[in-house]
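K.L.:
Just model10.txt, nothing more (compact mmCIF, C-alpha atoms (C1' of nucleotides)):
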# COMPACT_ATOMS: atom_id res chain seq x y z
CA MET L 446 5.59 9.83 -45.82
CA GLY L 447 2.85 7.40 -45.00
CA ARG L 448 4.40 7.46 -41.56
CA LYS L 449 1.98 9.09 -39.19
CA ARG L 450 3.39 11.66 -36.88
CA THR L 451 2.38 10.74 -33.39
CA ILE L 452 3.23 12.18 -30.05
CA ASP L 453 6.09 10.24 -28.54
CA ARG L 454 4.67 8.69 -25.42
CA ASP L 455 8.10 7.94 -24.13
CA ALA L 456 9.16 11.55 -24.57
CA LEU L 457 6.18 12.66 -22.55
CA LEU L 458 7.17 10.24 -19.84
CA ASP L 459 10.66 11.72 -19.88
CA VAL L 460 9.22 15.17 -19.38
CA ALA L 461 6.91 13.96 -16.63
CA GLU L 462 9.82 12.25 -14.95
CA ALA L 463 11.86 15.45 -15.02
CA ILE L 464 9.02 17.38 -13.40
CA VAL L 465 8.60 14.82 -10.65
CA ILE L 466 12.33 14.82 -9.95
CA GLU L 467 12.47 18.59 -9.85
CA GLN L 468 9.27 19.42 -8.04
CA GLY L 469 7.74 16.23 -6.69
CA ALA L 470 4.75 14.21 -7.83
CA GLY L 471 2.38 16.73 -6.33
CA LYS L 472 3.40 19.35 -8.85
CA LEU L 473 2.96 17.09 -11.84
CA SER L 474 0.25 18.51 -14.09
CA PHE L 475 -0.87 17.98 -17.67
CA ASP L 476 -0.44 21.68 -18.33
CA GLU L 477 3.18 21.58 -17.31
CA ILE L 478 3.92 18.46 -19.32
CA ALA L 479 2.25 19.96 -22.37
CA LYS L 480 4.17 23.20 -22.04
CA ARG L 481 7.55 21.50 -21.71
CA ALA L 482 6.89 18.92 -24.38
CA GLY L 483 5.58 21.51 -26.81
CA VAL L 484 2.24 19.83 -27.42
CA SER L 485 -1.24 20.75 -26.35
CA LYS L 486 -2.73 19.57 -23.11
CA GLY L 487 -5.29 17.65 -25.14
CA GLY L 488 -2.47 15.87 -26.91
CA VAL L 489 -1.04 14.72 -23.62
CA LEU L 490 -4.47 13.62 -22.52
CA TYR L 491 -4.88 11.67 -25.70
CA CYS L 492 -1.83 9.61 -24.72
CA PHE L 493 -2.70 9.35 -21.04
CA PRO L 494 -6.43 9.67 -20.47
CA ASN L 495 -5.98 10.66 -16.84
CA ARG L 496 -3.53 11.31 -14.09
CA GLN L 497 -3.54 7.80 -12.72
CA ASP L 498 -2.79 6.29 -16.10
CA LEU L 499 0.12 8.65 -16.49
CA VAL L 500 1.55 7.83 -13.09
CA ALA L 501 1.01 4.13 -13.68
CA ALA L 502 2.90 4.33 -16.97
CA MET L 503 5.78 6.09 -15.27
CA ALA L 504 5.85 3.44 -12.58
CA ARG L 505 5.77 0.63 -15.12
CA ARG L 506 8.72 2.08 -17.00
CA ASP L 507 10.57 2.50 -13.74
CA LEU L 508 10.03 -1.07 -12.72
CA GLU L 509 11.36 -2.29 -16.03
CA ARG L 510 14.46 -0.19 -15.63
CA PHE L 511 14.93 -1.55 -12.14
CA ASP L 512 14.58 -5.13 -13.34
CA GLY L 513 17.31 -4.35 -15.84
CA ASP L 514 19.53 -3.05 -13.04
CA VAL L 515 18.98 -6.22 -11.09
CA ALA L 516 19.89 -8.32 -14.11
CA ASN L 517 23.11 -6.34 -14.51
CA HIS L 518 24.06 -6.86 -10.93
CA LYS L 519 23.47 -10.56 -11.34
CA LEU L 520 26.04 -10.65 -14.13
CA ASN L 521 28.73 -8.23 -13.10
CA ASP L 522 28.92 -8.28 -9.40
CA THR L 523 29.89 -10.01 -6.24
CA THR L 524 26.41 -11.43 -6.16
CA ARG L 525 27.42 -14.77 -7.62
CA GLY L 526 24.19 -14.80 -9.61
CA ASP L 527 22.06 -14.78 -6.51
CA ASP L 528 18.72 -13.08 -7.08
CA MET L 529 18.38 -11.58 -3.64
CA LEU L 530 21.91 -10.25 -3.49
CA ALA L 531 21.43 -8.71 -6.91
CA HIS L 532 18.16 -7.17 -5.77
CA LEU L 533 19.81 -5.71 -2.68
CA ALA L 534 22.69 -4.33 -4.72
CA ALA L 535 20.35 -2.74 -7.24
CA THR L 536 18.29 -1.15 -4.47
CA ARG L 537 21.42 0.07 -2.72
CA ASP L 538 22.83 1.66 -5.87
CA GLU L 539 19.66 3.30 -7.09
CA ASN L 540 20.37 6.91 -7.94
CA ARG L 541 19.00 9.26 -5.31
CA ALA L 542 16.92 11.41 -7.59
CA LEU L 543 15.40 8.38 -9.25
CA ALA L 544 14.77 6.76 -5.90
CA SER L 545 13.00 9.82 -4.69
CA LYS L 546 10.87 9.88 -7.80
CA ALA L 547 10.09 6.19 -7.46
CA ALA L 548 8.99 6.59 -3.86
CA SER L 549 6.91 9.56 -4.84
CA LEU L 550 5.19 7.55 -7.55
CA MET L 551 4.49 4.66 -5.25
CA ALA L 552 2.89 7.07 -2.85
CA ALA L 553 0.84 8.64 -5.60
CA LEU L 554 -0.39 5.25 -6.72
CA ALA L 555 -1.37 4.00 -3.34
CA GLY L 556 -5.10 4.05 -2.90
CA ALA L 557 -5.72 3.72 -6.62
CA PRO L 558 -6.12 -0.06 -6.67
CA GLU L 559 -6.78 -0.15 -10.39
CA HIS L 560 -3.58 1.58 -11.42
CA ALA L 561 -1.28 0.26 -8.75
CA GLU L 562 -1.48 -3.22 -10.23
CA PRO L 563 1.99 -3.20 -11.87
CA MET L 564 3.44 -2.16 -8.55
CA ARG L 565 1.57 -4.79 -6.61
CA ASP L 566 2.64 -7.30 -9.18
CA HIS L 567 6.24 -6.33 -8.66
CA TYR L 568 5.99 -6.99 -4.94
CA ARG L 569 3.98 -10.14 -5.42
CA ARG L 570 6.75 -11.51 -7.60
CA LEU L 571 9.42 -10.48 -5.14
CA LEU L 572 7.66 -12.17 -2.27
CA GLU L 573 7.09 -15.32 -4.28
CA ARG L 574 10.66 -15.50 -5.41
CA PHE L 575 12.25 -14.73 -2.07
CA GLY L 576 9.81 -15.10 0.70
CA SER L 577 7.87 -18.27 0.13
CA ASP L 578 10.32 -20.70 1.65
CA ASN L 579 12.71 -18.43 3.46
CA GLU L 580 11.45 -16.27 6.25
CA ARG L 581 14.74 -14.49 6.69
CA ALA L 582 14.79 -13.47 3.05
CA ARG L 583 11.38 -11.92 3.46
CA THR L 584 12.51 -9.89 6.44
CA VAL L 585 15.58 -8.70 4.57
CA LEU L 586 13.45 -7.76 1.60
CA PHE L 587 11.22 -5.58 3.75
CA ALA L 588 14.25 -3.96 5.34
CA ALA L 589 15.59 -3.00 1.93
CA GLU L 590 12.24 -1.64 0.77
CA GLY L 591 11.71 0.21 4.02
CA ALA L 592 15.06 1.93 3.77
CA PHE L 593 14.51 2.70 0.11
CA LEU L 594 11.06 4.16 0.69
CA LEU L 595 11.86 6.19 3.76
CA ARG L 596 14.92 7.70 2.18
CA GLY L 597 13.11 8.29 -1.08
CA LEU L 598 10.26 10.04 0.69
CA GLY L 599 12.79 12.24 2.45
CA LEU L 600 11.77 10.97 5.87
CA VAL L 601 15.15 9.67 6.94
CA SER L 602 18.60 10.88 6.07
CA LEU L 603 21.46 8.47 6.05
CA SER L 604 25.03 9.15 5.07
CA ASP L 605 26.53 7.15 2.26
CA GLU L 606 28.45 5.15 4.84
CA GLU L 607 25.33 4.37 6.85
CA TRP L 608 23.53 3.42 3.68
CA SER L 609 26.26 1.04 2.58
CA SER L 610 26.66 -0.60 5.93
CA LEU L 611 22.90 -1.01 6.23
CA PHE L 612 22.79 -2.95 3.00
CA ALA L 613 25.89 -4.88 3.94
CA ASP L 614 24.11 -5.97 7.08
CA MET L 615 21.09 -7.07 5.07
CA ALA L 616 23.26 -9.14 2.75
CA ARG L 617 24.99 -10.70 5.74
CA LEU L 618 21.67 -11.63 7.33
CA TYR L 619 20.46 -13.16 4.12
CA GLU L 620 23.60 -15.20 3.59
CA GLU L 621 23.74 -16.44 7.15
CA ALA L 622 20.22 -17.76 6.84
CA GLY L 623 21.12 -19.71 3.73
CA THR L 624 23.85 -21.56 5.56
CA MET K 551 -20.39 33.74 28.35
CA GLY K 552 -17.11 35.44 27.72
CA ARG K 553 -16.13 32.07 26.34
CA LYS K 554 -15.55 32.46 22.64
CA ARG K 555 -17.09 29.83 20.49
CA THR K 556 -14.34 28.33 18.41
CA ILE K 557 -14.38 25.53 15.96
CA ASP K 558 -13.13 22.35 17.56
CA ARG K 559 -9.93 21.58 15.71
CA ASP K 560 -9.85 18.09 17.08
CA ALA K 561 -13.35 17.39 15.85
CA LEU K 562 -12.32 18.52 12.38
CA LEU K 563 -9.37 16.16 12.54
CA ASP K 564 -11.74 13.34 13.51
CA VAL K 565 -13.85 14.07 10.47
CA ALA K 566 -10.81 14.29 8.22
CA GLU K 567 -9.54 11.01 9.58
CA ALA K 568 -12.83 9.32 8.84
CA ILE K 569 -12.74 10.55 5.26
CA VAL K 570 -9.20 9.32 4.73
CA ILE K 571 -10.05 5.92 6.18
CA GLU K 572 -13.16 5.62 4.04
CA GLN K 573 -11.93 7.06 0.76
CA GLY K 574 -8.19 7.59 0.95
CA ALA K 575 -6.13 10.73 1.32
CA GLY K 576 -6.73 11.67 -2.30
CA LYS K 577 -10.41 12.27 -1.64
CA LEU K 578 -9.82 14.47 1.35
CA SER K 579 -11.19 17.93 0.61
CA PHE K 580 -12.08 21.02 2.61
CA ASP K 581 -15.57 20.93 1.16
CA GLU K 582 -16.18 17.43 2.43
CA ILE K 583 -14.79 18.18 5.87
CA ALA K 584 -16.93 21.31 6.13
CA LYS K 585 -20.06 19.45 5.05
CA ARG K 586 -19.59 16.61 7.49
CA ALA K 587 -18.53 18.84 10.38
CA GLY K 588 -21.37 21.27 9.78
CA VAL K 589 -19.18 24.33 9.39
CA SER K 590 -18.30 26.43 6.37
CA LYS K 591 -15.30 25.74 4.19
CA GLY K 592 -13.93 29.08 5.29
CA GLY K 593 -14.20 27.97 8.89
CA VAL K 594 -12.16 24.87 8.19
CA LEU K 595 -9.61 26.93 6.30
CA TYR K 596 -9.35 29.25 9.26
CA CYS K 597 -8.23 26.31 11.41
CA PHE K 598 -6.00 24.76 8.77
CA PRO K 599 -4.78 27.40 6.35
CA ASN K 600 -3.99 24.85 3.69
CA ARG K 601 -4.02 21.21 2.80
CA GLN K 602 -0.50 20.50 3.95
CA ASP K 603 -1.15 21.99 7.38
CA LEU K 604 -4.21 19.81 7.73
CA VAL K 605 -2.36 16.67 6.75
CA ALA K 606 0.55 17.58 8.99
CA ALA K 607 -1.81 18.03 11.94
CA MET K 608 -3.35 14.62 11.28
CA ALA K 609 0.08 13.06 11.13
CA ARG K 610 1.17 14.73 14.36
CA ARG K 611 -1.88 13.42 16.20
CA ASP K 612 -1.24 9.98 14.77
CA LEU K 613 2.34 9.93 15.92
CA GLU K 614 1.28 10.84 19.45
CA ARG K 615 -1.21 8.03 19.49
CA PHE K 616 1.44 5.63 18.26
CA ASP K 617 3.87 6.74 20.95
CA GLY K 618 1.14 5.97 23.45
CA ASP K 619 0.74 2.49 21.99
CA VAL K 620 4.44 1.87 22.30
CA ALA K 621 4.36 2.99 25.92
CA ASN K 622 1.52 0.56 26.63
CA HIS K 623 3.39 -2.31 25.06
CA LYS K 624 6.37 -1.46 27.20
CA LEU K 625 4.25 -1.90 30.32
CA ASN K 626 1.92 -4.75 29.55
CA ASP K 627 3.71 -7.08 27.29
CA THR K 628 6.32 -9.69 26.77
CA THR K 629 8.65 -6.88 25.81
CA ARG K 630 10.30 -6.71 29.23
CA GLY K 631 10.40 -2.95 28.95
CA ASP K 632 12.61 -3.06 25.87
CA ASP K 633 12.03 -0.08 23.62
CA MET K 634 12.61 -1.88 20.35
CA LEU K 635 10.46 -4.87 21.20
CA ALA K 636 7.70 -2.51 22.26
CA HIS K 637 8.06 -0.58 19.04
CA LEU K 638 7.86 -3.77 16.99
CA ALA K 639 4.82 -4.96 18.92
CA ALA K 640 3.05 -1.63 18.46
CA THR K 641 3.79 -1.64 14.74
CA ARG K 642 2.64 -5.24 14.43
CA ASP K 643 -0.63 -4.58 16.24
CA GLU K 644 -1.52 -1.35 14.52
CA ASN K 645 -5.10 -1.52 13.33
CA ARG K 646 -5.29 -2.04 9.58
CA ALA K 647 -7.50 0.91 8.78
CA LEU K 648 -5.36 3.23 10.86
CA ALA K 649 -2.20 1.82 9.35
CA SER K 650 -3.52 2.43 5.89
CA LYS K 651 -4.41 5.98 6.82
CA ALA K 652 -0.99 6.53 8.37
CA ALA K 653 0.79 5.29 5.27
CA SER K 654 -1.44 7.43 3.13
CA LEU K 655 -0.57 10.49 5.19
CA MET K 656 3.13 9.78 5.04
CA ALA K 657 2.87 9.58 1.32
CA ALA K 658 0.90 12.82 1.15
CA LEU K 659 3.50 14.60 3.25
CA ALA K 660 6.51 13.42 1.35
CA GLY K 661 7.96 16.15 -0.77
CA ALA K 662 6.57 18.88 1.46
CA PRO K 663 9.70 19.34 3.55
CA GLU K 664 8.16 22.05 5.66
CA HIS K 665 5.20 20.03 6.82
CA ALA K 666 6.85 16.65 7.04
CA GLU K 667 9.03 17.79 9.92
CA PRO K 668 7.10 15.96 12.68
CA MET K 669 7.40 12.79 10.65
CA ARG K 670 11.09 13.27 10.01
CA ASP K 671 11.52 14.00 13.69
CA HIS K 672 9.82 10.75 14.54
CA TYR K 673 12.25 8.78 12.41
CA ARG K 674 15.23 10.79 13.58
CA ARG K 675 14.37 9.87 17.17
CA LEU K 676 13.86 6.22 16.27
CA LEU K 677 17.22 6.02 14.55
CA GLU K 678 18.96 7.77 17.42
CA ARG K 679 17.41 5.52 19.98
CA PHE K 680 17.90 2.25 18.17
CA GLY K 681 20.36 2.64 15.40
CA SER K 682 23.25 4.65 16.70
CA ASP K 683 25.19 1.84 18.33
CA ASN K 684 23.47 -1.23 17.00
CA GLU K 685 23.50 -1.92 13.31
CA ARG K 686 21.21 -4.90 13.60
CA ALA K 687 18.58 -2.85 15.38
CA ARG K 688 18.63 -0.39 12.53
CA THR K 689 18.08 -3.10 9.97
CA VAL K 690 15.21 -4.52 11.99
CA LEU K 691 13.68 -1.07 12.32
CA PHE K 692 13.68 -0.61 8.55
CA ALA K 693 12.18 -4.04 8.07
CA ALA K 694 9.29 -3.16 10.36
CA GLU K 695 8.71 0.20 8.69
CA GLY K 696 8.98 -1.34 5.25
CA ALA K 697 6.37 -3.96 6.03
CA PHE K 698 4.13 -1.38 7.67
CA LEU K 699 4.35 1.01 4.75
CA LEU K 700 3.96 -1.50 1.97
CA ARG K 701 0.97 -3.08 3.61
CA GLY K 702 -0.52 0.29 4.49
CA LEU K 703 -0.16 1.48 0.92
CA GLY K 704 -1.87 -1.69 -0.27
CA LEU K 705 1.16 -2.83 -2.24
CA VAL K 706 1.65 -6.14 -0.50
CA SER K 707 -0.90 -8.44 1.03
CA LEU K 708 0.13 -10.68 3.87
CA SER K 709 -2.06 -13.01 5.84
CA ASP K 710 -2.30 -12.52 9.57
CA GLU K 711 -0.04 -15.51 10.02
CA GLU K 712 2.56 -14.17 7.66
CA TRP K 713 2.38 -10.81 9.37
CA SER K 714 2.88 -12.31 12.81
CA SER K 715 5.73 -14.53 11.80
CA LEU K 716 7.42 -11.66 10.00
CA PHE K 717 7.43 -9.61 13.18
CA ALA K 718 8.46 -12.62 15.21
CA ASP K 719 11.46 -12.99 12.96
CA MET K 720 12.34 -9.33 13.43
CA ALA K 721 12.17 -9.66 17.20
CA ARG K 722 14.35 -12.77 17.02
CA LEU K 723 16.94 -10.99 14.92
CA TYR K 724 17.01 -8.07 17.28
CA GLU K 725 17.37 -10.23 20.36
CA GLU K 726 20.07 -12.40 18.84
CA ALA K 727 22.14 -9.33 18.08
CA GLY K 728 21.89 -8.19 21.67
CA THR K 729 23.37 -11.45 22.90
C1' DG J 743 -6.31 8.09 -36.05
C1' DT J 744 -4.12 12.20 -33.90
C1' DC J 745 -4.30 16.38 -32.15
C1' DT J 746 -5.94 21.50 -30.86
C1' DA J 747 -9.05 24.53 -28.83
C1' DT J 748 -12.44 25.25 -25.75
C1' DA J 749 -15.79 24.26 -21.98
C1' DT J 750 -16.83 22.53 -17.53
C1' DC J 751 -16.27 21.39 -12.99
C1' DA J 752 -14.01 20.55 -8.54
C1' DA J 753 -11.01 22.22 -5.04
C1' DG J 754 -7.54 25.29 -2.83
C1' DA J 755 -7.07 29.71 -1.52
C1' DT J 756 -8.09 34.86 -0.36
C1' DA J 757 -10.67 39.13 0.92
C1' DG J 758 -13.57 41.13 3.36
C1' DA J 759 -18.44 41.11 5.54
C1' DC J 760 -20.47 40.05 9.85
C1' DG A 848 -13.39 34.11 15.00
C1' DT A 849 -16.41 32.55 11.49
C1' DC A 850 -18.66 32.71 7.17
C1' DT A 851 -19.84 34.29 2.19
C1' DA A 852 -18.33 35.41 -2.15
C1' DT A 853 -15.00 35.09 -5.40
C1' DC A 854 -10.56 34.08 -7.78
C1' DT A 855 -7.50 30.74 -9.75
C1' DT A 856 -5.68 26.53 -11.08
C1' DG A 857 -5.83 22.06 -12.68
C1' DA A 858 -8.26 17.74 -14.20
C1' DT A 859 -11.20 16.08 -17.40
C1' DA A 860 -14.83 16.04 -21.41
C1' DT A 861 -16.18 17.41 -25.90
C1' DA A 862 -16.10 19.23 -30.73
C1' DG A 863 -14.18 19.25 -34.46
C1' DA A 864 -9.63 20.45 -37.42
C1' DC A 865 -6.10 17.97 -39.86
In structure tokens, write the structure found in this file.
P.N.:
Amino acid sequence: MGRKRTIDRDALLDVAEAIVIEQGAGKLSFDEIAKRAGVSKGGVLYCFPNRQDLVAAMARRDLERFDGDVANHKLNDTTRGDDMLAHLAATRDENRALASKAASLMAALAGAPEHAEPMRDHYRRLLERFGSDNERARTVLFAAEGAFLLRGLGLVSLSDEEWSSLFADMARLYEEAGT
Amino acid sequence: MGRKRTIDRDALLDVAEAIVIEQGAGKLSFDEIAKRAGVSKGGVLYCFPNRQDLVAAMARRDLERFDGDVANHKLNDTTRGDDMLAHLAATRDENRALASKAASLMAALAGAPEHAEPMRDHYRRLLERFGSDNERARTVLFAAEGAFLLRGLGLVSLSDEEWSSLFADMARLYEEAGT
DNA sequence: GTCTATATCAAGATAGAC
DNA sequence: GTCTATCTTGATATAGAC
């Protein structure tokens, strides 16, 4: 067994994710992660030197998952391979618990310029891809993100029907502009 | 002098606001408020029994100020007394530092259902006023809030021109739908 | 190189003195 | 009604075991 036993970073992220989903980002602590993961607090801190790094890692993993969702929607859906329609569909279908966690993470990262870089990068790419030559697309993008964030933060409640028709309206706006 | 000397809650909120603007909501502490306001930490905690109450009070004051801004835009502007256009104009013109603070507070309140009530109320009223019979208005509202939040949280950067034209597009969308 | 145990320090909160 | 003293928790740093 030359194989070194190392703490599974990804498993720690799973645990952290569960805590955030259950109790919100505010209740996320190294102690709690350590307890649930069955390692020492120091072990957790060896993997993630501080809170911001931990949150940033969670956000990064989340963004990758979301990009995967978008790619799936591009292939399987009524999006006809259109990037924006796939993005809207992925945002619309995001699981509520995960959306709430994502919003919570974004909030936790704000004001930590250093660690928010993956997040800023995500939005930079979105704006480049959609917004540079198409003003309407940019507006639609902000509408989707606004709805996603406000629902995720628990600041608005929308029924499933309202949610669907909201995103349908966004898609309509986007497609009309392309005409 | 039967007049009891009481700590000026509003002055404490001013101090807290200054800290959040300078250093972000994460750096807001009772110690710092007490030091700057020249009272004891216990005195501050007497006025605001805990962190969430403090943040909630800041948010409430903010929302009142914003409502005032909207009212002004309704009177003075090219909004022709239209509620939505006034709301868009007020959101567009929000001072950057204050917007950043507001976004920071929203983030801090999320996940504290109890204390986020004024905020949820704000959005509930907005959706009732604008979104109940007009789907397009709802979409535009989310676009404005999305842009406001993402910029406030420092996750997107938009030039002044981009910002203006984004809000111009929202106003256009809203007005077209009313036709 | 990876982790545990322990120490330190900041900040929220409480009890009770004034 | 305000302040002092103190408790507790959690983030982070360090020392050194494996």
K.L.:
Compute the chain L side of the contact with chain J at 12 Å, counting all atoms listed in the file, and hand it back as a VMD selection string.
P.N.:
chain L and resid 449 to 453 479 484 to 492
K.L.:
Which residues of chain L sit at most 10 Å from chain A, using all atoms listed in the file? Give each one's shortest atom pair and distance in Å (one decimal place), in chain and ascending residue order, as CSV.
P.N.:
residue,atom,partner,partner_atom,distance
L:Ser474,CA,A:DG857,C1',7.2
L:Phe475,CA,A:DG857,C1',8.1
L:Asp476,CA,A:DG857,C1',7.8
L:Gly487,CA,A:DT859,C1',9.9
L:Leu490,CA,A:DT859,C1',8.8
L:Pro494,CA,A:DT859,C1',8.6
L:Asn495,CA,A:DT859,C1',7.5
L:Arg496,CA,A:DA858,C1',8.0
K.L.:
As a ChimeraX atom specification, could you give me every residue of chain K near chain L (at most 10 Å apart, counting only C-alpha atoms)?
P.N.:
/K:573-577,650-651,653-663,666-674,677,685-686,688-700,702-708,712,715-717,719-720,723
K.L.:
Can you work out the spacing between CA of Asp459 (chain L) and CA of Val515 (chain L) in Å, to one decimal?
P.N.:
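Computed distance, CA of Asp459 (chain L) to CA of Val515 (chain L), equals 21.6 Å.
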K.L.:
Between CA of Leu457 (chain L) and CA of Ala482 (chain L), measure the distance and give it in Å to one decimal.
P.N.:
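Interatomic distance, CA of Leu457 (chain L) to CA of Ala482 (chain L): 6.6 Å.
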K.L.:
Could you work out how far CA of Leu613 (chain K) lies from CA of Arg541 (chain L), giving the answer in Å with one decimal?
P.N.:
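Taking CA of Arg541 (chain L) as the start and CA of Leu613 (chain K) as the end point, the length is 27.0 Å.
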K.L.:
Residues at most 10 Å from Ala531 (chain L), counting all atoms listed in the file, excluding those fewer than 5 positions away in the same chain, as a PDB file with C-alpha atoms, in the coordinates of the input?
P.N.:
ATOM      1  CA  ASP L 514      19.530  -3.050 -13.040  1.00  0.00           C
ATOM      2  CA  VAL L 515      18.980  -6.220 -11.090  1.00  0.00           C
ATOM      3  CA  ALA L 516      19.890  -8.320 -14.110  1.00  0.00           C
ATOM      4  CA  ASN L 517      23.110  -6.340 -14.510  1.00  0.00           C
ATOM      5  CA  HIS L 518      24.060  -6.860 -10.930  1.00  0.00           C
ATOM      6  CA  LYS L 519      23.470 -10.560 -11.340  1.00  0.00           C
ATOM      7  CA  LEU L 520      26.040 -10.650 -14.130  1.00  0.00           C
ATOM      8  CA  ASN L 521      28.730  -8.230 -13.100  1.00  0.00           C
ATOM      9  CA  ASP L 522      28.920  -8.280  -9.400  1.00  0.00           C
ATOM     10  CA  THR L 523      29.890 -10.010  -6.240  1.00  0.00           C
ATOM     11  CA  THR L 524      26.410 -11.430  -6.160  1.00  0.00           C
ATOM     12  CA  ARG L 525      27.420 -14.770  -7.620  1.00  0.00           C
ATOM     13  CA  GLY L 526      24.190 -14.800  -9.610  1.00  0.00           C
ATOM     14  CA  THR L 536      18.290  -1.150  -4.470  1.00  0.00           C
ATOM     15  CA  ARG L 537      21.420   0.070  -2.720  1.00  0.00           C
ATOM     16  CA  ALA L 616      23.260  -9.140   2.750  1.00  0.00           C
TER      17      ALA L 616
END
K.L.:
Edge lengths and centre in Å to one decimal, as JSON, is what I'm after for the box along x, y and z that holds all listed atoms of chain A once 5 Å is added on each side.
P.N.:
{"center_x": -12.8, "center_y": 25.7, "center_z": -12.4, "size_x": 24.2, "size_y": 29.4, "size_z": 64.9}
